[in-house]
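Trainee: Just so it is clear, I am handing over entry17.cif, which has mmCIF, N, CA and C atoms.
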data_start
loop_
_atom_site.label_atom_id
_atom_site.label_comp_id
_atom_site.auth_asym_id
_atom_site.auth_seq_id
_atom_site.Cartn_x
_atom_site.Cartn_y
_atom_site.Cartn_z
N MET K 1 0.85 -1.17 0.00
CA MET K 1 0.00 0.00 0.00
C MET K 1 0.90 1.24 0.00
N THR K 2 0.54 2.18 -0.85
CA THR K 2 1.34 3.39 -0.96
C THR K 2 0.68 4.54 -0.19
N LYS K 3 1.50 5.51 0.14
CA LYS K 3 1.03 6.68 0.88
C LYS K 3 0.24 7.59 -0.05
N PRO K 4 -0.98 8.04 0.36
CA PRO K 4 -1.77 8.90 -0.52
C PRO K 4 -1.16 10.30 -0.65
N HIS K 5 -1.45 10.91 -1.77
CA HIS K 5 -1.07 12.30 -2.01
C HIS K 5 -1.83 13.17 -1.00
N PHE K 6 -1.27 14.32 -0.64
CA PHE K 6 -1.93 15.18 0.36
C PHE K 6 -3.33 15.61 -0.09
N SER K 7 -3.56 15.68 -1.41
CA SER K 7 -4.88 16.08 -1.91
C SER K 7 -5.95 15.04 -1.56
N PHE K 8 -5.54 13.79 -1.35
CA PHE K 8 -6.48 12.74 -0.95
C PHE K 8 -7.20 13.13 0.33
N TRP K 9 -6.45 13.62 1.31
CA TRP K 9 -7.03 13.99 2.60
C TRP K 9 -7.97 15.19 2.46
N ILE K 10 -7.59 16.12 1.61
CA ILE K 10 -8.42 17.31 1.39
C ILE K 10 -9.73 16.91 0.72
N ILE K 11 -9.64 16.11 -0.33
CA ILE K 11 -10.84 15.70 -1.07
C ILE K 11 -11.75 14.86 -0.19
N ALA K 12 -11.20 13.88 0.52
CA ALA K 12 -12.02 13.04 1.39
C ALA K 12 -12.63 13.86 2.53
N GLY K 13 -11.87 14.79 3.08
CA GLY K 13 -12.38 15.64 4.17
C GLY K 13 -13.49 16.57 3.70
N LEU K 14 -13.30 17.20 2.54
CA LEU K 14 -14.34 18.06 1.99
C LEU K 14 -15.59 17.26 1.63
N GLY K 15 -15.38 16.05 1.11
CA GLY K 15 -16.51 15.17 0.82
C GLY K 15 -17.29 14.83 2.07
N LEU K 16 -16.58 14.60 3.17
CA LEU K 16 -17.24 14.32 4.44
C LEU K 16 -18.04 15.52 4.91
N VAL K 17 -17.46 16.71 4.83
CA VAL K 17 -18.18 17.92 5.23
C VAL K 17 -19.43 18.09 4.38
N TRP K 18 -19.32 17.91 3.07
CA TRP K 18 -20.46 18.02 2.17
C TRP K 18 -21.58 17.05 2.59
N ASN K 19 -21.22 15.80 2.83
CA ASN K 19 -22.22 14.80 3.18
C ASN K 19 -22.78 15.02 4.58
N LEU K 20 -21.97 15.52 5.51
CA LEU K 20 -22.50 15.84 6.84
C LEU K 20 -23.51 16.98 6.77
N MET K 21 -23.28 17.94 5.86
CA MET K 21 -24.28 18.99 5.67
C MET K 21 -25.57 18.39 5.12
N GLY K 22 -25.45 17.41 4.23
CA GLY K 22 -26.62 16.70 3.73
C GLY K 22 -27.34 15.94 4.83
N CYS K 23 -26.57 15.31 5.73
CA CYS K 23 -27.18 14.61 6.87
C CYS K 23 -27.95 15.57 7.76
N LEU K 24 -27.37 16.74 8.00
CA LEU K 24 -28.05 17.76 8.80
C LEU K 24 -29.33 18.22 8.11
N ASN K 25 -29.28 18.39 6.80
CA ASN K 25 -30.46 18.76 6.02
C ASN K 25 -31.54 17.69 6.15
N PHE K 26 -31.14 16.42 6.04
CA PHE K 26 -32.09 15.32 6.16
C PHE K 26 -32.74 15.31 7.55
N ILE K 27 -31.92 15.42 8.59
CA ILE K 27 -32.44 15.41 9.96
C ILE K 27 -33.39 16.59 10.17
N THR K 28 -33.04 17.75 9.64
CA THR K 28 -33.91 18.93 9.76
C THR K 28 -35.24 18.68 9.09
N GLN K 29 -35.23 18.05 7.91
CA GLN K 29 -36.47 17.80 7.19
C GLN K 29 -37.32 16.72 7.86
N MET K 30 -36.73 15.92 8.72
CA MET K 30 -37.50 14.92 9.45
C MET K 30 -38.09 15.48 10.75
N ASN K 31 -37.69 16.69 11.12
CA ASN K 31 -38.17 17.35 12.34
C ASN K 31 -39.37 18.23 11.99
N THR K 32 -40.54 17.86 12.47
CA THR K 32 -41.76 18.60 12.11
C THR K 32 -41.74 20.04 12.60
N ASP K 33 -41.11 20.30 13.74
CA ASP K 33 -41.02 21.68 14.23
C ASP K 33 -40.15 22.54 13.30
N ALA K 34 -39.06 21.96 12.83
CA ALA K 34 -38.18 22.70 11.92
C ALA K 34 -38.86 22.94 10.57
N VAL K 35 -39.58 21.94 10.09
CA VAL K 35 -40.29 22.08 8.81
C VAL K 35 -41.37 23.15 8.92
N ALA K 36 -42.02 23.24 10.07
CA ALA K 36 -43.06 24.25 10.27
C ALA K 36 -42.52 25.68 10.18
N GLN K 37 -41.24 25.86 10.40
CA GLN K 37 -40.61 27.18 10.32
C GLN K 37 -40.18 27.54 8.90
N MET K 38 -40.25 26.58 7.99
CA MET K 38 -39.81 26.81 6.62
C MET K 38 -40.91 27.50 5.82
N PRO K 39 -40.53 28.08 4.66
CA PRO K 39 -41.55 28.66 3.78
C PRO K 39 -42.57 27.61 3.36
N GLU K 40 -43.77 28.04 3.06
CA GLU K 40 -44.87 27.13 2.75
C GLU K 40 -44.54 26.20 1.58
N LEU K 41 -43.86 26.70 0.56
CA LEU K 41 -43.50 25.87 -0.59
C LEU K 41 -42.62 24.71 -0.17
N TYR K 42 -41.62 24.96 0.68
CA TYR K 42 -40.75 23.89 1.16
C TYR K 42 -41.54 22.87 1.97
N GLN K 43 -42.46 23.37 2.79
CA GLN K 43 -43.30 22.47 3.59
C GLN K 43 -44.11 21.54 2.68
N LEU K 44 -44.67 22.08 1.61
CA LEU K 44 -45.46 21.27 0.68
C LEU K 44 -44.59 20.23 -0.02
N ILE K 45 -43.40 20.62 -0.43
CA ILE K 45 -42.50 19.69 -1.12
C ILE K 45 -42.10 18.55 -0.19
N ILE K 46 -41.76 18.88 1.05
CA ILE K 46 -41.34 17.86 2.01
C ILE K 46 -42.51 16.94 2.37
N ALA K 47 -43.68 17.52 2.58
CA ALA K 47 -44.86 16.73 2.97
C ALA K 47 -45.32 15.80 1.85
N SER K 48 -45.12 16.21 0.61
CA SER K 48 -45.60 15.39 -0.51
C SER K 48 -44.57 14.38 -1.00
N ARG K 49 -43.38 14.40 -0.43
CA ARG K 49 -42.33 13.47 -0.87
C ARG K 49 -42.72 12.04 -0.51
N PRO K 50 -42.69 11.12 -1.48
CA PRO K 50 -43.02 9.72 -1.17
C PRO K 50 -41.93 9.07 -0.30
N PHE K 51 -42.32 7.99 0.35
CA PHE K 51 -41.41 7.28 1.26
C PHE K 51 -40.14 6.84 0.55
N TRP K 52 -40.26 6.32 -0.67
CA TRP K 52 -39.09 5.82 -1.38
C TRP K 52 -38.08 6.93 -1.65
N ALA K 53 -38.58 8.15 -1.89
CA ALA K 53 -37.68 9.27 -2.14
C ALA K 53 -37.00 9.72 -0.85
N THR K 54 -37.73 9.68 0.25
CA THR K 54 -37.13 10.01 1.55
C THR K 54 -36.07 8.98 1.93
N LEU K 55 -36.36 7.73 1.67
CA LEU K 55 -35.39 6.66 1.93
C LEU K 55 -34.14 6.85 1.07
N ALA K 56 -34.33 7.17 -0.20
CA ALA K 56 -33.19 7.40 -1.09
C ALA K 56 -32.37 8.60 -0.63
N PHE K 57 -33.04 9.66 -0.19
CA PHE K 57 -32.36 10.85 0.31
C PHE K 57 -31.48 10.49 1.50
N GLY K 58 -32.04 9.72 2.45
CA GLY K 58 -31.26 9.29 3.62
C GLY K 58 -30.07 8.42 3.23
N LEU K 59 -30.30 7.47 2.31
CA LEU K 59 -29.20 6.62 1.86
C LEU K 59 -28.12 7.43 1.16
N ALA K 60 -28.54 8.43 0.40
CA ALA K 60 -27.57 9.25 -0.33
C ALA K 60 -26.64 9.99 0.64
N VAL K 61 -27.21 10.68 1.61
CA VAL K 61 -26.38 11.52 2.48
C VAL K 61 -25.64 10.71 3.54
N PHE K 62 -26.32 9.75 4.16
CA PHE K 62 -25.63 8.96 5.19
C PHE K 62 -24.65 7.97 4.55
N GLY K 63 -25.00 7.42 3.39
CA GLY K 63 -24.08 6.56 2.67
C GLY K 63 -22.84 7.31 2.22
N GLY K 64 -23.04 8.57 1.79
CA GLY K 64 -21.91 9.40 1.40
C GLY K 64 -21.01 9.73 2.57
N ALA K 65 -21.61 10.03 3.72
CA ALA K 65 -20.81 10.33 4.91
C ALA K 65 -20.01 9.11 5.36
N VAL K 66 -20.66 7.95 5.38
CA VAL K 66 -19.95 6.72 5.74
C VAL K 66 -18.85 6.43 4.73
N GLY K 67 -19.15 6.62 3.46
CA GLY K 67 -18.15 6.39 2.42
C GLY K 67 -16.93 7.29 2.59
N CYS K 68 -17.16 8.54 2.93
CA CYS K 68 -16.03 9.47 3.12
C CYS K 68 -15.24 9.14 4.39
N ILE K 69 -15.93 8.70 5.43
CA ILE K 69 -15.22 8.26 6.64
C ILE K 69 -14.36 7.04 6.31
N LEU K 70 -14.92 6.10 5.56
CA LEU K 70 -14.15 4.93 5.15
C LEU K 70 -12.99 5.31 4.24
N LEU K 71 -13.19 6.32 3.42
CA LEU K 71 -12.11 6.82 2.58
C LEU K 71 -10.99 7.39 3.44
N LEU K 72 -11.37 8.18 4.45
CA LEU K 72 -10.36 8.73 5.35
C LEU K 72 -9.64 7.64 6.14
N LEU K 73 -10.33 6.53 6.40
CA LEU K 73 -9.71 5.39 7.06
C LEU K 73 -8.95 4.50 6.07
N ARG K 74 -8.98 4.89 4.80
CA ARG K 74 -8.30 4.20 3.72
C ARG K 74 -8.77 2.76 3.55
N ARG K 75 -10.09 2.59 3.59
CA ARG K 75 -10.70 1.27 3.40
C ARG K 75 -11.28 1.15 2.00
N ARG K 76 -11.01 0.05 1.35
CA ARG K 76 -11.47 -0.19 -0.02
C ARG K 76 -13.00 -0.22 -0.12
N VAL K 77 -13.68 -0.60 0.94
CA VAL K 77 -15.14 -0.68 0.93
C VAL K 77 -15.77 0.71 0.78
N ALA K 78 -14.98 1.76 0.89
CA ALA K 78 -15.47 3.12 0.67
C ALA K 78 -16.07 3.26 -0.72
N THR K 79 -15.50 2.57 -1.69
CA THR K 79 -16.03 2.66 -3.06
C THR K 79 -17.46 2.13 -3.12
N SER K 80 -17.74 1.06 -2.41
CA SER K 80 -19.10 0.50 -2.40
C SER K 80 -20.09 1.45 -1.72
N ALA K 81 -19.68 2.02 -0.60
CA ALA K 81 -20.56 2.96 0.10
C ALA K 81 -20.83 4.19 -0.76
N LEU K 82 -19.81 4.67 -1.44
CA LEU K 82 -19.99 5.85 -2.29
C LEU K 82 -20.81 5.52 -3.54
N LEU K 83 -20.74 4.28 -4.01
CA LEU K 83 -21.60 3.87 -5.13
C LEU K 83 -23.06 3.84 -4.71
N VAL K 84 -23.33 3.29 -3.53
CA VAL K 84 -24.71 3.29 -3.00
C VAL K 84 -25.21 4.73 -2.86
N SER K 85 -24.36 5.60 -2.35
CA SER K 85 -24.72 7.01 -2.19
C SER K 85 -25.04 7.64 -3.55
N LEU K 86 -24.21 7.36 -4.54
CA LEU K 86 -24.42 7.92 -5.88
C LEU K 86 -25.73 7.43 -6.49
N LEU K 87 -25.99 6.14 -6.38
CA LEU K 87 -27.24 5.58 -6.93
C LEU K 87 -28.46 6.18 -6.21
N ALA K 88 -28.36 6.30 -4.90
CA ALA K 88 -29.48 6.89 -4.14
C ALA K 88 -29.67 8.36 -4.50
N THR K 89 -28.57 9.06 -4.77
CA THR K 89 -28.66 10.46 -5.21
C THR K 89 -29.41 10.53 -6.54
N GLY K 90 -29.12 9.61 -7.43
CA GLY K 90 -29.82 9.57 -8.72
C GLY K 90 -31.31 9.33 -8.55
N ILE K 91 -31.68 8.44 -7.64
CA ILE K 91 -33.10 8.17 -7.37
C ILE K 91 -33.76 9.41 -6.78
N THR K 92 -33.07 10.05 -5.84
CA THR K 92 -33.58 11.28 -5.24
C THR K 92 -33.76 12.36 -6.30
N MET K 93 -32.82 12.42 -7.23
CA MET K 93 -32.87 13.42 -8.29
C MET K 93 -34.11 13.23 -9.17
N ILE K 94 -34.46 11.99 -9.45
CA ILE K 94 -35.65 11.71 -10.27
C ILE K 94 -36.88 12.32 -9.63
N GLN K 95 -37.06 12.10 -8.33
CA GLN K 95 -38.22 12.64 -7.64
C GLN K 95 -38.17 14.16 -7.56
N THR K 96 -37.01 14.70 -7.26
CA THR K 96 -36.87 16.16 -7.13
C THR K 96 -37.17 16.86 -8.45
N VAL K 97 -36.62 16.35 -9.53
CA VAL K 97 -36.84 16.95 -10.84
C VAL K 97 -38.31 16.87 -11.23
N SER K 98 -38.98 15.78 -10.88
CA SER K 98 -40.40 15.65 -11.22
C SER K 98 -41.27 16.64 -10.45
N VAL K 99 -40.81 17.10 -9.29
CA VAL K 99 -41.60 18.01 -8.46
C VAL K 99 -41.24 19.48 -8.72
N VAL K 100 -39.96 19.80 -8.69
CA VAL K 100 -39.54 21.21 -8.79
C VAL K 100 -38.75 21.52 -10.05
N GLY K 101 -38.50 20.55 -10.89
CA GLY K 101 -37.71 20.78 -12.08
C GLY K 101 -36.22 20.67 -11.79
N MET K 102 -35.44 20.91 -12.82
CA MET K 102 -33.98 20.80 -12.70
C MET K 102 -33.46 22.00 -11.92
N ALA K 103 -32.76 21.71 -10.84
CA ALA K 103 -32.21 22.77 -9.99
C ALA K 103 -30.70 22.62 -9.94
N PRO K 104 -29.99 23.74 -9.84
CA PRO K 104 -28.52 23.65 -9.75
C PRO K 104 -28.03 22.80 -8.58
N SER K 105 -28.72 22.87 -7.44
CA SER K 105 -28.29 22.09 -6.28
C SER K 105 -28.43 20.59 -6.53
N THR K 106 -29.43 20.20 -7.30
CA THR K 106 -29.62 18.79 -7.63
C THR K 106 -28.49 18.30 -8.52
N ILE K 107 -28.15 19.10 -9.51
CA ILE K 107 -27.05 18.73 -10.41
C ILE K 107 -25.74 18.68 -9.64
N LEU K 108 -25.53 19.65 -8.75
CA LEU K 108 -24.31 19.70 -7.95
C LEU K 108 -24.18 18.45 -7.08
N ALA K 109 -25.27 18.04 -6.44
CA ALA K 109 -25.24 16.85 -5.59
C ALA K 109 -24.85 15.61 -6.40
N LEU K 110 -25.41 15.49 -7.59
CA LEU K 110 -25.09 14.34 -8.44
C LEU K 110 -23.64 14.39 -8.90
N LEU K 111 -23.16 15.56 -9.28
CA LEU K 111 -21.77 15.69 -9.72
C LEU K 111 -20.78 15.40 -8.60
N ILE K 112 -21.06 15.90 -7.40
CA ILE K 112 -20.15 15.64 -6.28
C ILE K 112 -20.16 14.16 -5.90
N GLY K 113 -21.35 13.56 -5.90
CA GLY K 113 -21.44 12.12 -5.62
C GLY K 113 -20.66 11.30 -6.63
N ALA K 114 -20.79 11.65 -7.91
CA ALA K 114 -20.05 10.94 -8.96
C ALA K 114 -18.55 11.16 -8.82
N ALA K 115 -18.15 12.38 -8.51
CA ALA K 115 -16.73 12.69 -8.36
C ALA K 115 -16.11 11.94 -7.18
N LEU K 116 -16.84 11.86 -6.07
CA LEU K 116 -16.32 11.13 -4.91
C LEU K 116 -16.17 9.64 -5.20
N PHE K 117 -17.17 9.07 -5.88
CA PHE K 117 -17.08 7.65 -6.25
C PHE K 117 -15.91 7.42 -7.20
N TRP K 118 -15.77 8.28 -8.21
CA TRP K 118 -14.69 8.17 -9.18
C TRP K 118 -13.33 8.29 -8.50
N TYR K 119 -13.22 9.24 -7.58
CA TYR K 119 -11.95 9.44 -6.87
C TYR K 119 -11.62 8.22 -6.00
N ALA K 120 -12.64 7.65 -5.35
CA ALA K 120 -12.41 6.47 -4.52
C ALA K 120 -11.94 5.29 -5.35
N THR K 121 -12.48 5.14 -6.57
CA THR K 121 -12.02 4.05 -7.43
C THR K 121 -10.56 4.26 -7.85
N ILE K 122 -10.20 5.50 -8.09
CA ILE K 122 -8.80 5.80 -8.43
C ILE K 122 -7.89 5.50 -7.23
N ALA K 123 -8.32 5.94 -6.04
CA ALA K 123 -7.53 5.69 -4.83
C ALA K 123 -7.34 4.19 -4.59
N ALA K 124 -8.38 3.42 -4.86
CA ALA K 124 -8.26 1.97 -4.70
C ALA K 124 -7.30 1.39 -5.74
N ARG K 125 -7.39 1.89 -6.97
CA ARG K 125 -6.56 1.38 -8.05
C ARG K 125 -5.08 1.68 -7.84
N VAL K 126 -4.75 2.84 -7.29
CA VAL K 126 -3.34 3.19 -7.10
C VAL K 126 -2.77 2.67 -5.78
N GLY K 127 -3.60 1.98 -5.00
CA GLY K 127 -3.09 1.34 -3.79
C GLY K 127 -3.14 2.17 -2.52
N TRP K 128 -3.97 3.22 -2.51
CA TRP K 128 -4.10 4.03 -1.30
C TRP K 128 -5.08 3.43 -0.30
N LEU K 129 -5.89 2.48 -0.77
CA LEU K 129 -6.91 1.86 0.11
C LEU K 129 -6.58 0.41 0.33
N ARG K 130 -6.91 -0.09 1.49
CA ARG K 130 -6.64 -1.51 1.79
C ARG K 130 -7.94 -2.27 1.96
#
Output the file's structure as structure tokens, nothing else.

Mentor:
Amino acid sequence: MTKPHFSFWIIAGLGLVWNLMGCLNFITQMNTDAVAQMPELYQLIIASRPFWATLAFGLAVFGGAVGCILLLLRRRVATSALLVSLLATGITMIQTVSVVGMAPSTILALLIGAALFWYATIAARVGWLR
């Protein structure tokens, strides 16, 4: 196993921060008191979200956070966790686009998820993960 480039730690750390913000967003949306403080449009979107989309949202953000933690621990299984996160992000995107249309934040989430998965596969290939 070879020592990772210093950028590995920066990318994995920023990925973790990104996914932890997503986890916080998910937890906030599951809190009825917090949702009641949001604008009416957000309340309607959250209330009308089907169970499968909520499940995919949770898998996307928590799977991404676990994947980034595993990446920081230099574990090869990080690629699998980040793949699950990416697939769940895609499922979440389908529901979001059908309700509110294409939004920059939706595209950004998908791009970051894909980039983290791609980077993890590279890290595994060059021997940074065990």

Trainee: Ranking K:Val77, K:Thr2, K:Cys68, K:Ala88 by minimum distance to Leu55 of chain K and counting all atoms listed in the file, which one comes first?

Mentor: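 Closest candidate: K:Ala88.
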
Trainee: I'd like the interatomic distance between atom N of Val100 of chain K and atom CA of Val17 of chain K, to a tenth of an Å.

Mentor: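 Going from atom N of Val100 of chain K over to atom CA of Val17 of chain K, I get 25.9 Å.
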
Trainee: On this file, the PyMOL selection byres (((chain K and resi 95 and name CA) around 10) and name CA) gives some set of residues; write that set as a PDB file with N, CA and C atoms, keeping the file's coordinate frame.

Mentor:
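The resulting file, part_19.pdb, is reproduced below:
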ATOM      1  N   ARG K  49     -43.380  14.400  -0.430  1.00  0.00           N
ATOM      2  CA  ARG K  49     -42.330  13.470  -0.870  1.00  0.00           C
ATOM      3  C   ARG K  49     -42.720  12.040  -0.510  1.00  0.00           C
ATOM      4  N   PRO K  50     -42.690  11.120  -1.480  1.00  0.00           N
ATOM      5  CA  PRO K  50     -43.020   9.720  -1.170  1.00  0.00           C
ATOM      6  C   PRO K  50     -41.930   9.070  -0.300  1.00  0.00           C
ATOM      7  N   TRP K  52     -40.260   6.320  -0.670  1.00  0.00           N
ATOM      8  CA  TRP K  52     -39.090   5.820  -1.380  1.00  0.00           C
ATOM      9  C   TRP K  52     -38.080   6.930  -1.650  1.00  0.00           C
ATOM     10  N   ALA K  53     -38.580   8.150  -1.890  1.00  0.00           N
ATOM     11  CA  ALA K  53     -37.680   9.270  -2.140  1.00  0.00           C
ATOM     12  C   ALA K  53     -37.000   9.720  -0.850  1.00  0.00           C
ATOM     13  N   THR K  54     -37.730   9.680   0.250  1.00  0.00           N
ATOM     14  CA  THR K  54     -37.130  10.010   1.550  1.00  0.00           C
ATOM     15  C   THR K  54     -36.070   8.980   1.930  1.00  0.00           C
ATOM     16  N   ALA K  56     -34.330   7.170  -0.200  1.00  0.00           N
ATOM     17  CA  ALA K  56     -33.190   7.400  -1.090  1.00  0.00           C
ATOM     18  C   ALA K  56     -32.370   8.600  -0.630  1.00  0.00           C
ATOM     19  N   GLY K  90     -29.120   9.610  -7.430  1.00  0.00           N
ATOM     20  CA  GLY K  90     -29.820   9.570  -8.720  1.00  0.00           C
ATOM     21  C   GLY K  90     -31.310   9.330  -8.550  1.00  0.00           C
ATOM     22  N   ILE K  91     -31.680   8.440  -7.640  1.00  0.00           N
ATOM     23  CA  ILE K  91     -33.100   8.170  -7.370  1.00  0.00           C
ATOM     24  C   ILE K  91     -33.760   9.410  -6.780  1.00  0.00           C
ATOM     25  N   THR K  92     -33.070  10.050  -5.840  1.00  0.00           N
ATOM     26  CA  THR K  92     -33.580  11.280  -5.240  1.00  0.00           C
ATOM     27  C   THR K  92     -33.760  12.360  -6.300  1.00  0.00           C
ATOM     28  N   MET K  93     -32.820  12.420  -7.230  1.00  0.00           N
ATOM     29  CA  MET K  93     -32.870  13.420  -8.290  1.00  0.00           C
ATOM     30  C   MET K  93     -34.110  13.230  -9.170  1.00  0.00           C
ATOM     31  N   ILE K  94     -34.460  11.990  -9.450  1.00  0.00           N
ATOM     32  CA  ILE K  94     -35.650  11.710 -10.270  1.00  0.00           C
ATOM     33  C   ILE K  94     -36.880  12.320  -9.630  1.00  0.00           C
ATOM     34  N   THR K  96     -37.010  14.700  -7.260  1.00  0.00           N
ATOM     35  CA  THR K  96     -36.870  16.160  -7.130  1.00  0.00           C
ATOM     36  C   THR K  96     -37.170  16.860  -8.450  1.00  0.00           C
ATOM     37  N   VAL K  97     -36.620  16.350  -9.530  1.00  0.00           N
ATOM     38  CA  VAL K  97     -36.840  16.950 -10.840  1.00  0.00           C
ATOM     39  C   VAL K  97     -38.310  16.870 -11.230  1.00  0.00           C
ATOM     40  N   SER K  98     -38.980  15.780 -10.880  1.00  0.00           N
ATOM     41  CA  SER K  98     -40.400  15.650 -11.220  1.00  0.00           C
ATOM     42  C   SER K  98     -41.270  16.640 -10.450  1.00  0.00           C
ATOM     43  N   VAL K  99     -40.810  17.100  -9.290  1.00  0.00           N
ATOM     44  CA  VAL K  99     -41.600  18.010  -8.460  1.00  0.00           C
ATOM     45  C   VAL K  99     -41.240  19.480  -8.720  1.00  0.00           C
ATOM     46  N   VAL K 100     -39.960  19.800  -8.690  1.00  0.00           N
ATOM     47  CA  VAL K 100     -39.540  21.210  -8.790  1.00  0.00           C
ATOM     48  C   VAL K 100     -38.750  21.520 -10.050  1.00  0.00           C
ATOM     49  N   GLY K 101     -38.500  20.550 -10.890  1.00  0.00           N
ATOM     50  CA  GLY K 101     -37.710  20.780 -12.080  1.00  0.00           C
ATOM     51  C   GLY K 101     -36.220  20.670 -11.790  1.00  0.00           C
TER      52      GLY K 101
END

Trainee: Given the file shown, determine the residues that the PyMOL selection byres (((chain K and resi 116 and name CA) around 9) and name CA) selects; report them as a ChimeraX atom specification.

Mentor: /K:11-12,15,64,67-68,79,82-83,86,111-115,117-121

Trainee: Padding 4 Å on each side, edges along x, y and z: where is the centre of the box around the listed atoms of segment 100-110 of chain K, and how long are its edges in Å to one decimal? Output it as lines of an AutoDock Vina configuration file.

Mentor:
center_x = -31.8
center_y = 19.0
center_z = -9.2
size_x = 24.3
size_y = 17.4
size_z = 15.2

Trainee: How many Å separate atom C of Ile10 of chain K from atom N of Leu71 of chain K?

Mentor: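 Value for the atom C of Ile10 of chain K-atom N of Leu71 of chain K distance: 11.5 Å.
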
Trainee: Using Å and a single decimal, report how far atom C of Leu129 of chain K sits from atom C of Leu70 of chain K.

Mentor: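 Distance reported for this atom pair: 9.0 Å.
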
Trainee: Using the chain letters and numbers from the file, which residues does the PyMOL selection byres ((chain K and resi 130) around 6.5) grab, as a VMD selection string?

Mentor: chain K and resid 74 to 77 127 to 129

Trainee: Go through chain K and collect every residue that DSSP, computed from the backbone, puts in helix (DSSP H, G or I); the answer should be as a PyMOL selection string.

Mentor: chain K and resi 6-30+32-36+40-48+51-72+78-100+104-125

Trainee: Go through K:Phe62, K:Phe8, K:Tyr42, K:Phe51 and flag the residue nearest Phe26 of chain K, using only C-alpha atoms for the distances.

Mentor: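 Among K:Phe62, K:Phe8, K:Tyr42, K:Phe51, it is K:Phe62 that comes nearest to Phe26 of chain K.
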
Trainee: Using only N, CA and C atoms, pick whichever of K:Asn31, K:Leu59, K:Ile45, K:Ala103 has the shortest atom-to-atom distance to Thr89 of chain K.

Mentor: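 Comparing K:Asn31, K:Leu59, K:Ile45, K:Ala103 against Thr89 of chain K, the winner is K:Leu59.
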